[in-house]
$ cat run.tsv   # TSV, C-alpha atoms and all ligand atoms
chain	number	residue	atom	x	y	z
W	23	MET	CA	8.42	-15.68	6.90
W	24	LYS	CA	6.56	-12.89	8.61
W	25	ILE	CA	7.36	-9.52	7.11
W	26	SER	CA	7.50	-7.99	10.60
W	27	ASN	CA	10.66	-10.09	11.15
W	28	LEU	CA	12.22	-8.58	8.04
W	29	TYR	CA	12.00	-5.12	9.57
W	30	GLN	CA	13.84	-6.41	12.62
W	31	GLN	CA	16.61	-8.08	10.62
W	32	LYS	CA	17.31	-5.74	7.79
W	33	LYS	CA	16.95	-2.06	7.18
W	34	PRO	CA	15.81	-0.52	4.98
W	35	VAL	CA	13.42	-3.05	3.45
W	36	ILE	CA	12.58	-2.11	-0.13
W	37	SER	CA	9.20	-3.52	-1.15
W	38	PHE	CA	6.77	-3.20	-4.05
W	39	GLU	CA	3.04	-3.12	-4.71
W	40	ILE	CA	1.55	-4.65	-7.84
W	41	PHE	CA	-2.04	-5.05	-8.96
W	42	PRO	CA	-3.67	-8.03	-10.73
W	43	PRO	CA	-4.36	-7.54	-14.44
W	44	LYS	CA	-7.96	-6.75	-15.45
W	45	SER	CA	-10.18	-9.83	-15.61
W	46	THR	CA	-10.30	-9.47	-19.42
W	47	ALA	CA	-6.50	-9.95	-19.64
W	48	PRO	CA	-4.80	-13.28	-18.94
W	49	VAL	CA	-3.28	-13.46	-15.46
W	50	GLU	CA	0.05	-14.40	-17.07
W	51	THR	CA	0.52	-10.79	-18.19
W	52	VAL	CA	1.54	-9.93	-14.65
W	53	TYR	CA	4.36	-12.47	-14.58
W	54	GLN	CA	6.55	-10.44	-16.89
W	55	THR	CA	6.10	-7.54	-14.47
W	56	LEU	CA	7.00	-9.82	-11.59
W	57	GLU	CA	10.17	-11.08	-13.23
W	58	GLY	CA	11.35	-7.51	-13.74
W	59	LEU	CA	10.64	-6.67	-10.10
W	60	ILE	CA	12.10	-9.81	-8.59
W	61	LYS	CA	15.47	-9.03	-10.20
W	62	LEU	CA	15.54	-6.00	-7.89
W	63	ASN	CA	15.64	-8.27	-4.85
W	64	PRO	CA	12.69	-6.81	-2.90
W	65	GLY	CA	12.01	-7.67	0.73
W	66	PHE	CA	8.42	-8.45	-0.24
W	67	ILE	CA	5.79	-7.75	-2.88
W	68	SER	CA	2.21	-6.83	-2.05
W	69	VAL	CA	-0.75	-7.61	-4.30
W	70	THR	CA	-3.82	-5.38	-4.26
W	71	TYR	CA	-7.34	-6.70	-3.79
W	72	GLY	CA	-9.97	-5.48	-6.23
W	73	ALA	CA	-12.74	-3.43	-4.71
W	74	GLY	CA	-16.25	-4.40	-5.74
W	75	GLY	CA	-15.40	-8.04	-6.34
W	76	SER	CA	-13.11	-7.66	-9.37
W	77	ASN	CA	-10.03	-9.85	-9.67
W	78	ARG	CA	-10.31	-11.11	-6.11
W	79	ASP	CA	-9.16	-14.67	-6.78
W	80	ARG	CA	-6.24	-13.30	-8.70
W	81	THR	CA	-4.80	-11.68	-5.57
W	82	LYS	CA	-4.36	-15.10	-4.00
W	83	GLU	CA	-3.09	-16.67	-7.22
W	84	ILE	CA	-0.47	-13.98	-7.80
W	85	ALA	CA	0.56	-13.81	-4.14
W	86	SER	CA	0.99	-17.58	-4.19
W	87	THR	CA	3.21	-17.37	-7.29
W	88	ILE	CA	5.37	-14.71	-5.63
W	89	LYS	CA	5.75	-16.81	-2.52
W	90	ASN	CA	5.91	-20.36	-3.86
W	91	LYS	CA	7.48	-19.95	-7.30
W	92	TYR	CA	9.73	-16.92	-6.87
W	93	LYS	CA	10.38	-17.54	-3.16
W	94	VAL	CA	9.82	-13.90	-2.27
W	95	GLU	CA	7.57	-12.95	0.64
W	96	ALA	CA	4.07	-11.94	-0.47
W	97	LEU	CA	1.68	-9.56	1.25
W	98	ALA	CA	-1.92	-10.21	0.18
W	99	HIS	CA	-4.24	-7.20	0.45
W	100	LEU	CA	-7.72	-8.00	1.76
W	101	THR	CA	-10.70	-5.67	2.07
W	102	CYS	CA	-13.68	-6.37	4.30
W	103	VAL	CA	-16.32	-3.92	3.09
W	104	GLY	CA	-19.47	-5.85	2.17
W	105	GLN	CA	-17.95	-9.23	3.11
W	106	THR	CA	-19.37	-11.58	5.71
W	107	VAL	CA	-17.33	-13.31	8.39
W	108	ASP	CA	-17.78	-16.61	6.50
W	109	GLU	CA	-16.49	-15.10	3.26
W	110	ILE	CA	-13.44	-13.64	5.01
W	111	ASN	CA	-12.79	-17.00	6.69
W	112	GLN	CA	-12.90	-18.73	3.30
W	113	ILE	CA	-10.35	-16.27	1.90
W	114	LEU	CA	-8.07	-16.70	4.91
W	115	LYS	CA	-8.29	-20.46	4.52
W	116	GLY	CA	-7.29	-20.12	0.86
W	117	LEU	CA	-4.31	-17.94	1.78
W	118	GLN	CA	-3.24	-20.39	4.45
W	119	GLU	CA	-3.36	-23.26	1.94
W	120	GLU	CA	-0.91	-21.29	-0.22
W	121	ASN	CA	1.41	-20.61	2.74
W	122	ILE	CA	0.69	-16.90	2.71
W	123	GLU	CA	1.07	-15.58	6.24
W	124	ASN	CA	1.16	-11.82	5.57
W	125	VAL	CA	-2.10	-9.91	5.05
W	126	LEU	CA	-2.73	-6.18	4.55
W	127	ALA	CA	-6.08	-5.69	6.30
W	128	LEU	CA	-8.19	-2.94	4.76
W	129	ARG	CA	-11.72	-1.70	5.00
W	130	GLY	CA	-11.91	-0.90	1.29
W	131	ASP	CA	-14.39	1.43	-0.37
W	132	PRO	CA	-18.01	0.77	-1.31
W	133	PRO	CA	-18.74	0.30	-5.03
W	134	ALA	CA	-18.53	3.62	-6.89
W	135	ASP	CA	-22.27	3.48	-7.74
W	136	ALA	CA	-23.39	2.83	-4.11
W	137	GLN	CA	-24.65	6.23	-2.99
W	138	GLY	CA	-24.88	6.68	0.81
W	139	TYR	CA	-23.46	3.19	1.53
W	140	ASP	CA	-24.25	2.10	5.08
W	141	PHE	CA	-21.17	0.52	6.68
W	142	SER	CA	-23.14	-0.36	9.81
W	143	ASP	CA	-24.86	-3.18	7.85
W	144	SER	CA	-21.55	-4.90	7.34
W	145	ASP	CA	-20.05	-7.68	9.51
W	146	PHE	CA	-16.87	-5.56	9.45
W	147	LYS	CA	-17.31	-1.80	9.75
W	148	TYR	CA	-13.69	-0.75	9.87
W	149	ALA	CA	-10.32	-2.24	9.07
W	150	SER	CA	-9.71	-2.56	12.83
W	151	ASP	CA	-12.50	-5.21	12.93
W	152	LEU	CA	-10.71	-7.16	10.22
W	153	VAL	CA	-7.31	-6.82	11.92
W	154	ARG	CA	-8.75	-8.26	15.14
W	155	HIS	CA	-10.52	-11.05	13.25
W	156	ILE	CA	-7.39	-12.10	11.33
W	157	LYS	CA	-5.26	-12.05	14.47
W	158	ASN	CA	-7.83	-14.28	16.22
W	159	SER	CA	-7.96	-16.62	13.21
W	160	GLY	CA	-4.35	-17.76	13.07
W	161	ASP	CA	-0.68	-16.93	13.18
W	162	TYR	CA	-0.64	-14.08	10.63
W	163	CYS	CA	1.49	-11.00	10.27
W	164	VAL	CA	-1.02	-8.20	9.74
W	165	ALA	CA	-0.29	-4.88	8.06
W	166	ALA	CA	-2.68	-1.94	7.72
W	167	ALA	CA	-3.00	1.37	5.90
W	168	ALA	CA	-2.05	4.78	7.29
W	169	TYR	CA	-2.73	8.25	5.89
W	170	PRO	CA	-0.05	10.89	6.53
W	171	GLU	CA	-2.45	13.64	5.38
W	172	GLY	CA	-5.53	11.99	6.88
W	173	HIS	CA	-7.99	9.66	5.12
W	174	ILE	CA	-9.88	11.60	2.44
W	175	HIS	CA	-13.14	11.24	4.40
W	176	CYS	CA	-11.86	11.96	7.88
W	177	ARG	CA	-13.13	15.16	9.48
W	178	ARG	CA	-10.15	15.85	11.72
W	179	LEU	CA	-6.56	14.62	11.56
W	180	SER	CA	-6.62	14.00	15.31
W	181	ASP	CA	-9.60	11.62	14.89
W	182	ASP	CA	-7.80	9.76	12.15
W	183	LEU	CA	-4.75	9.34	14.38
W	184	HIS	CA	-6.96	8.19	17.25
W	185	TRP	CA	-8.57	5.46	15.08
W	186	LEU	CA	-5.20	4.51	13.65
W	187	LYS	CA	-3.89	3.90	17.15
W	188	TYR	CA	-6.98	1.84	17.93
W	189	LYS	CA	-6.44	-0.18	14.73
W	190	VAL	CA	-2.79	-0.83	15.63
W	191	GLU	CA	-3.87	-1.97	19.10
W	192	GLN	CA	-6.06	-4.65	17.50
W	193	GLY	CA	-2.86	-6.38	16.33
W	194	VAL	CA	-1.23	-4.48	13.45
W	195	ASP	CA	2.42	-5.48	12.94
W	196	PHE	CA	3.34	-2.69	10.53
W	197	LEU	CA	1.74	0.17	8.63
W	198	ILE	CA	2.11	1.25	5.01
W	199	THR	CA	1.18	4.79	4.11
W	200	GLN	CA	-0.88	6.13	1.30
W	201	LEU	CA	1.19	7.95	-1.33
W	202	TYR	CA	2.20	11.53	-0.59
W	203	TYR	CA	4.58	13.90	-2.35
W	204	ASP	CA	6.31	15.85	0.41
W	205	ASN	CA	8.52	13.91	2.82
W	206	ARG	CA	8.01	16.58	5.48
W	207	VAL	CA	4.42	15.36	5.66
W	208	PHE	CA	5.66	11.83	6.39
W	209	TYR	CA	8.20	12.89	9.05
W	210	ASN	CA	5.58	15.00	10.77
W	211	PHE	CA	3.07	12.14	10.67
W	212	LEU	CA	5.64	9.71	12.06
W	213	GLU	CA	6.41	12.08	14.94
W	214	ASN	CA	2.71	12.37	15.74
W	215	ALA	CA	2.26	8.60	15.54
W	216	ARG	CA	5.18	7.99	17.91
W	217	ARG	CA	3.85	10.65	20.26
W	218	VAL	CA	0.61	8.66	20.70
W	219	ASN	CA	2.58	5.41	21.10
W	220	ILE	CA	2.08	3.91	17.67
W	221	ASN	CA	5.36	2.08	17.82
W	222	CYS	CA	5.26	-0.43	14.94
W	223	PRO	CA	7.22	0.20	11.70
W	224	VAL	CA	5.53	2.86	9.55
W	225	ILE	CA	6.54	2.41	5.94
W	226	PRO	CA	6.25	5.32	3.52
W	227	GLY	CA	4.45	4.52	0.27
W	228	ILE	CA	5.89	6.26	-2.78
W	229	MET	CA	4.24	6.48	-6.18
W	230	PRO	CA	6.20	8.04	-9.03
W	231	VAL	CA	4.34	10.66	-11.05
W	232	LEU	CA	4.61	9.65	-14.70
W	233	ASN	CA	2.12	11.92	-16.41
W	234	ALA	CA	0.05	14.98	-15.65
W	235	LYS	CA	-3.33	13.29	-16.13
W	236	GLN	CA	-2.43	10.43	-13.79
W	237	ILE	CA	-1.37	12.74	-10.94
W	238	LYS	CA	-4.59	14.75	-11.12
W	239	ARG	CA	-6.70	11.58	-11.09
W	240	ILE	CA	-4.83	10.04	-8.17
W	241	ILE	CA	-4.85	13.17	-6.08
W	242	SER	CA	-8.57	13.67	-6.65
W	243	LEU	CA	-9.25	10.08	-5.57
W	244	CYS	CA	-7.11	9.90	-2.44
W	245	GLY	CA	-6.90	13.52	-1.29
W	246	ALA	CA	-3.09	13.74	-1.13
W	247	SER	CA	-1.81	17.28	-1.55
W	248	MET	CA	0.36	18.56	-4.33
W	249	PRO	CA	3.40	20.47	-3.05
W	250	ALA	CA	4.54	23.57	-4.95
W	251	LYS	CA	7.60	21.77	-6.31
W	252	LEU	CA	5.43	19.11	-7.91
W	253	LEU	CA	2.94	21.63	-9.24
W	254	ILE	CA	5.75	23.58	-10.91
W	255	MET	CA	7.11	20.35	-12.39
W	256	VAL	CA	3.73	19.35	-13.84
W	257	ASP	CA	3.21	22.86	-15.26
W	258	LYS	CA	6.65	22.78	-16.86
W	259	PHE	CA	6.66	19.25	-18.30
W	260	GLY	CA	2.99	18.21	-18.34
W	261	ASP	CA	2.61	18.67	-22.11
W	262	ASN	CA	5.71	16.67	-22.94
W	263	PRO	CA	5.24	13.02	-21.92
W	264	GLU	CA	8.91	12.08	-22.19
W	265	ASP	CA	10.20	15.00	-20.12
W	266	MET	CA	7.37	14.55	-17.64
W	267	GLU	CA	8.26	10.91	-17.08
W	268	LYS	CA	11.93	11.77	-16.61
W	269	ALA	CA	11.12	14.54	-14.14
W	270	GLY	CA	8.65	12.27	-12.28
W	271	LEU	CA	11.23	9.52	-11.85
W	272	GLU	CA	13.77	12.05	-10.61
W	273	TYR	CA	11.22	13.44	-8.15
W	274	ALA	CA	10.44	9.96	-6.78
W	275	SER	CA	14.17	9.11	-6.61
W	276	ASN	CA	14.79	12.25	-4.55
W	277	GLN	CA	11.95	11.32	-2.21
W	278	VAL	CA	13.32	7.80	-1.75
W	279	GLN	CA	16.91	9.00	-1.26
W	280	ASP	CA	15.82	11.48	1.38
W	281	LEU	CA	13.83	8.77	3.21
W	282	LEU	CA	16.82	6.41	3.16
W	283	ASP	CA	19.10	9.21	4.40
W	284	ASN	CA	16.69	9.71	7.28
W	285	GLY	CA	16.82	6.09	8.41
W	286	VAL	CA	13.33	4.83	7.56
W	287	ASP	CA	12.54	1.16	8.24
W	288	GLY	CA	11.65	0.65	4.60
W	289	VAL	CA	10.15	2.14	1.46
W	290	HIS	CA	7.12	0.66	-0.31
W	291	LEU	CA	7.02	1.54	-4.00
W	292	TYR	CA	3.70	1.66	-5.83
W	293	THR	CA	5.03	0.14	-9.04
W	294	MET	CA	1.90	0.45	-11.20
W	295	ASN	CA	3.23	-2.79	-12.73
W	296	LYS	CA	6.08	-0.89	-14.40
W	297	PRO	CA	9.35	-2.57	-13.40
W	298	GLN	CA	11.46	-0.43	-15.74
W	299	HIS	CA	10.55	2.74	-13.82
W	300	ILE	CA	11.18	1.14	-10.46
W	301	THR	CA	14.55	-0.14	-11.70
W	302	GLU	CA	15.51	3.38	-12.67
W	303	ILE	CA	14.51	4.81	-9.29
W	304	LEU	CA	16.45	2.14	-7.42
W	305	LYS	CA	19.49	2.68	-9.63
W	306	ASN	CA	19.31	6.41	-8.87
W	307	VAL	CA	19.44	5.70	-5.13
W	308	GLY	CA	22.13	3.01	-5.37
W	309	LYS	CA	19.80	0.12	-4.58
W	310	ALA	CA	19.91	-1.65	-7.97
W	401	LIG	P1	-10.06	2.20	8.14
W	401	LIG	O1	-8.78	1.99	8.85
W	401	LIG	O2	-11.25	1.46	8.62
W	401	LIG	O3	-10.36	3.78	8.15
W	401	LIG	C1	-11.36	4.34	7.32
W	401	LIG	C2	-11.84	5.66	7.92
W	401	LIG	O4	-12.66	5.39	9.07
W	401	LIG	C3	-10.73	6.59	8.43
W	401	LIG	O5	-11.10	7.91	8.21
W	401	LIG	C4	-10.68	6.31	9.93
W	401	LIG	O6	-10.20	7.41	10.68
W	401	LIG	C5	-12.14	6.05	10.23
W	401	LIG	N1	-12.34	5.10	11.35
W	401	LIG	C6	-11.65	3.96	11.57
W	401	LIG	N2	-12.15	3.32	12.63
W	401	LIG	C7	-13.19	4.07	13.10
W	401	LIG	C8	-14.12	3.91	14.15
W	401	LIG	N3	-14.09	2.84	14.96
W	401	LIG	N4	-15.07	4.88	14.32
W	401	LIG	C9	-15.12	5.95	13.51
W	401	LIG	N5	-14.25	6.13	12.47
W	401	LIG	C10	-13.32	5.21	12.28
W	401	LIG	N6	-8.35	-0.50	-1.44
W	401	LIG	C11	-8.75	-1.61	-2.11
W	401	LIG	O7	-9.93	-1.74	-2.46
W	401	LIG	N7	-7.86	-2.63	-2.42
W	401	LIG	C12	-6.56	-2.56	-2.04
W	401	LIG	O8	-5.79	-3.48	-2.32
W	401	LIG	C13	-6.11	-1.40	-1.33
W	401	LIG	N8	-4.81	-1.30	-0.92
W	401	LIG	C14	-4.42	-0.21	-0.17
W	401	LIG	C15	-3.12	-0.14	0.28
W	401	LIG	C16	-2.68	0.97	1.03
W	401	LIG	C17	-1.24	0.99	1.56
W	401	LIG	C18	-3.57	2.04	1.29
W	401	LIG	C19	-3.10	3.26	2.06
W	401	LIG	C20	-4.89	1.98	0.84
W	401	LIG	C21	-5.34	0.87	0.10
W	401	LIG	N9	-6.66	0.76	-0.35
W	401	LIG	C22	-7.06	-0.37	-1.04
W	401	LIG	C23	-7.62	1.85	-0.12
W	401	LIG	C24	-8.47	1.66	1.17
W	401	LIG	O9	-9.28	0.53	1.06
W	401	LIG	C25	-9.32	2.94	1.34
W	401	LIG	O10	-8.50	4.04	1.62
W	401	LIG	C26	-10.47	2.84	2.35
W	401	LIG	O11	-11.30	3.99	2.18
W	401	LIG	C27	-10.03	2.85	3.82
W	401	LIG	O12	-9.49	1.67	4.17
W	401	LIG	P2	-8.72	1.55	5.59
W	401	LIG	O13	-8.33	0.14	5.73
W	401	LIG	O14	-7.69	2.58	5.72
W	401	LIG	O15	-9.94	1.88	6.57
$ encode --input "run.tsv" --output "structure tokens" --more "lines below"
Ligand code: FAD
Amino acid sequence: MKISNLYQQKKPVISFEIFPPKSTAPVETVYQTLEGLIKLNPGFISVTYGAGGSNRDRTKEIASTIKNKYKVEALAHLTCVGQTVDEINQILKGLQEENIENVLALRGDPPADAQGYDFSDSDFKYASDLVRHIKNSGDYCVAAAAYPEGHIHCRRLSDDLHWLKYKVEQGVDFLITQLYYDNRVFYNFLENARRVNINCPVIPGIMPVLNAKQIKRIISLCGASMPAKLLIMVDKFGDNPEDMEKAGLEYASNQVQDLLDNGVDGVHLYTMNKPQHITEILKNVGKA
């Protein structure tokens, strides 16, 4: 089933993101995670795609297990940076063979050690090129990324919104946002998106803060801002892992509850492969 149909049938759609285990760990380690998540009856589960070539085959393998063994819709992430058209076609063929019809089309980031990477050398320069290519390759439901606070490398928010609209016009069926920690940022972004006629579902992505080190690392990588409330929380509980985790789960639960109260089409939870935390959040909001 195409995930875009889910958003038409049922609201809100609760969905999860997982990542493949490191290549040094057996792929089976993720199945315990999956079993914990599947009990929560998600609309779909997305599987990240390793940048720089790591774990790439595992995305297909895990997405296929979600779809064909657990009978839950799978959304396979796919990045195009540094990939040729032939390579992308091979991956799409592999997904098709596993009955996976939902793809999250991303540009991806160059390898961390590639200073001054030149995107213009690539067959695909932006995610919009990949969206168009996938749509022309078959009957896929295509999702893409959106950045409520702007992509970390964008110079102006208005440019980012302009390119997002262009990307959607290439055939995006729904958008999932990068994590953010203040719902006002999401509501404002949604208003701006609707104003420029981005009319597909825009799904907020929520990542619970579980420890002080993690939040600093994530924020420095993706450029999301830290609202005062969160800063105060990290200052208060950061040195006490147990209290910090409890406060982080409560913070995420409040974010999700507020989104549900405001009639969002869905919520996508970045699970970090921790079903127990996601279970707690969903219990807090009456969805488990
Ligand atoms: P794009 O949509 O191409 O945008 C990148 C930047 O280029 C933006 O600033 C945009 O404004 C600008 N831009 C776009 N088009 C043009 C144009 N024509 N001219 C000029 N500027 C333009 N990474 C992974 O490696 N694996 C994953 O599984 C993964 N999953 C993700 C899931 C979500 C929900 C999100 C939000 C991000 C994910 N990422 C993942 C990270 C993502 O790959 C990076 O954020 C990457 O830097 C941008 O990818 P994009 O698809 O948003 O790029």
$ atom_distance --input "run.tsv" --atom1 "CA of Ser242 (chain W)" --atom2 "atom C3 of ligand LIG 401 (chain W)"
16.8 Å
$ atom_distance --input "run.tsv" --atom1 "atom O1 of ligand LIG 401 (chain W)" --atom2 "CA of Ala149 (chain W)"
4.5 Å
$ atom_distance --input "run.tsv" --atom1 "CA of Gly104 (chain W)" --atom2 "CA of Ala136 (chain W)"
11.4 Å
$ closest_residue --input "run.tsv" --among "W:Pro170, W:Pro64, W:Pro43, W:Gly138" --to "ligand LIG 401 (chain W)" --atoms "all atoms listed in the file"
W:Pro170
$ axis_aligned_box --input "run.tsv" --around "region 152-163 of chain W" --padding-each-side "3 Å" --output "JSON"
{"center_x": -4.6, "center_y": -12.3, "center_z": 13.2, "size_x": 18.2, "size_y": 16.9, "size_z": 12.0}
$ residues_near_point --input "run.tsv" --point "(16.7, 2.8, 4.2)" --cutoff "6 Å" --atoms "only C-alpha atoms" --output "PyMOL selection string"
chain W and resi 33-34+282+285-286+288
$ residues_near_ligand --input "run.tsv" --ligand "ligand LIG 401 (chain W)" --cutoff "8 Å" --atoms "only C-alpha atoms and all ligand atoms" --output "MDAnalysis selection string"
chainID W and resid 41 69:74 99:101 126:131 147:150 166:169 172:177 181:186 188:189 197:201 227 244
$ residues_around --input "run.tsv" --residues "Tyr92 (chain W)" --least-positions-apart "5" --cutoff "9 Å" --atoms "only C-alpha atoms" --output "list in words"
Leu56, Glu57, Ile60 and Thr87 of chain W
$ residues_around --input "run.tsv" --residues "region 289-291 of chain W" --least-positions-apart "4" --cutoff "7 Å" --atoms "only C-alpha atoms" --output "list in words"
Val35, Ile36, Ser37, Phe38, Glu39, Ile225, Pro226, Gly227, Ile228 and Met229 of chain W
$ residues_around --input "run.tsv" --residues "Asn63 (chain W)" --least-positions-apart "4" --cutoff "10 Å" --atoms "only C-alpha atoms" --output "PyMOL selection string"
chain W and resi 36-37+58-59+94+309-310
